[in-house]
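Asks: Okay, handing you the structure first.
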Amino acid sequence: PAHACFEKNSSYARCRTDCAPGIDLGDATGWGKWSCKQLGDRTPGSHSPTPHQQRLAPWVKKRCSDYGENCASTKCCKDATAQCYEQFPGHGACMFKCLKDHKGFSHHRQCAKEAKGNNTDKCKYDGKTWTCRELGPRTLRPWGWPS
């Protein structure tokens, strides 16, 4: 109930409860953006999510960026709960959190493991401000639903 057919591209569509345009890190059919154009009406009824294990598609580890790599072109991150944030057009980084226009603390992986307020050189934004625009989806958590 409450499913609709959503288009990935001109040659593939699937019935789903919802769809967010862009890449879907759980899409086992391969890397590629979903247009999410709804094709037809929803089936009648309400939708109650069924508990299921969240799984990343196998291509994520090959195609998405790692910490320390520029993720502006991939628009995805390999590590769980990471998000690609834009520093400036053409450059981004995988982090847990980004502080817009902030020049100090960076919430990338190493800094997130350390105490809040860490101001060591490796935890700075190189003295530059960030736009913090989200590029692509946040990587799924490794555990299932509900979290």
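Residues are referred to by chain and number: the chain letter is A, B, ... according to the order shown in the structure tokens, the number counts from 1 in that chain, and ligands are numbered separately from 1 in the order shown.
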Produce a table with one row for each residue of stretch 6-73 of chain A that has an atom at most 6 Å from any atom of stretch 78-99 of chain A, each row naming the nearest atom pair and its distance in Å at one decimal; use only C-alpha atoms; arrange rows by chain and rising residue number; format as CSV.

Replies:
residue,atom,partner,partner_atom,distance
A:Lys61,CA,A:Lys78,CA,5.4
A:Cys64,CA,A:Lys78,CA,5.4
A:Ser65,CA,A:Lys78,CA,5.8
A:Asp66,CA,A:Lys78,CA,5.6
A:Tyr67,CA,A:Cys94,CA,5.5
A:Asn70,CA,A:Gly92,CA,5.3
A:Cys71,CA,A:Gly92,CA,5.1
A:Ala72,CA,A:Gly92,CA,4.8

Asks: Residues at most 7 Å from A:Arg14, counting only C-alpha atoms, excluding those fewer than 5 positions away in the same chain, as number ranges by chain?

Replies: A: 5-7

Asks: If you count only C-alpha atoms, which residues fall within 10 Å of A:Ala28, apart from same-chain ones fewer than 6 positions away, as a PyMOL selection string?

Replies: chain A and resi 55-60

Asks: Using the selection just defined, write its residues with N, CA and C atoms as an mmCIF file, in the first residue's frame.

Replies:
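Final output, saved to part_31.cif:
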data_model
loop_
_atom_site.group_PDB
_atom_site.id
_atom_site.type_symbol
_atom_site.label_atom_id
_atom_site.label_comp_id
_atom_site.auth_asym_id
_atom_site.auth_seq_id
_atom_site.Cartn_x
_atom_site.Cartn_y
_atom_site.Cartn_z
ATOM 1 N N ARG A 55 21.271 -1.487 4.041
ATOM 2 C CA ARG A 55 22.504 -1.978 3.418
ATOM 3 C C ARG A 55 22.974 -0.995 2.356
ATOM 4 N N LEU A 56 24.266 -0.725 2.372
ATOM 5 C CA LEU A 56 24.843 0.092 1.317
ATOM 6 C C LEU A 56 25.038 -0.779 0.090
ATOM 7 N N ALA A 57 24.828 -0.196 -1.072
ATOM 8 C CA ALA A 57 25.075 -0.915 -2.320
ATOM 9 C C ALA A 57 26.580 -1.180 -2.448
ATOM 10 N N PRO A 58 26.962 -2.280 -3.090
ATOM 11 C CA PRO A 58 28.389 -2.619 -3.222
ATOM 12 C C PRO A 58 29.234 -1.536 -3.903
ATOM 13 N N TRP A 59 28.640 -0.753 -4.780
ATOM 14 C CA TRP A 59 29.404 0.265 -5.514
ATOM 15 C C TRP A 59 29.830 1.437 -4.642
ATOM 16 N N VAL A 60 29.237 1.605 -3.464
ATOM 17 C CA VAL A 60 29.546 2.762 -2.609
ATOM 18 C C VAL A 60 31.027 2.782 -2.232
#

Asks: What is the distance, in Å and to one decimal place, between atom CA of A:Asp27 and atom CA of A:Thr131?

Replies: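 Atom CA of A:Asp27 sits 28.4 Å away from atom CA of A:Thr131.
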
Asks: Just to confirm, what's the straight-line distance from atom CA of A:Arg138 to atom CA of A:Pro21 in Å (one decimal)?

Replies: 13.2 Å

Asks: Considering only strand (DSSP E or B) as DSSP defines it on the backbone, what residues of stretch 32-100 of chain A qualify? List them as a ChimeraX atom specification.

Replies: /A:33-34,37-39,65,77,83-88,91-95,97

Asks: Which residue is closest to A:Gly32? Choose from A:Asp18, A:Cys76, A:Ala2, A:Arg133 and count only C-alpha atoms.

Replies: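 Residue with the minimum atom-to-atom distance to A:Gly32: A:Cys76.
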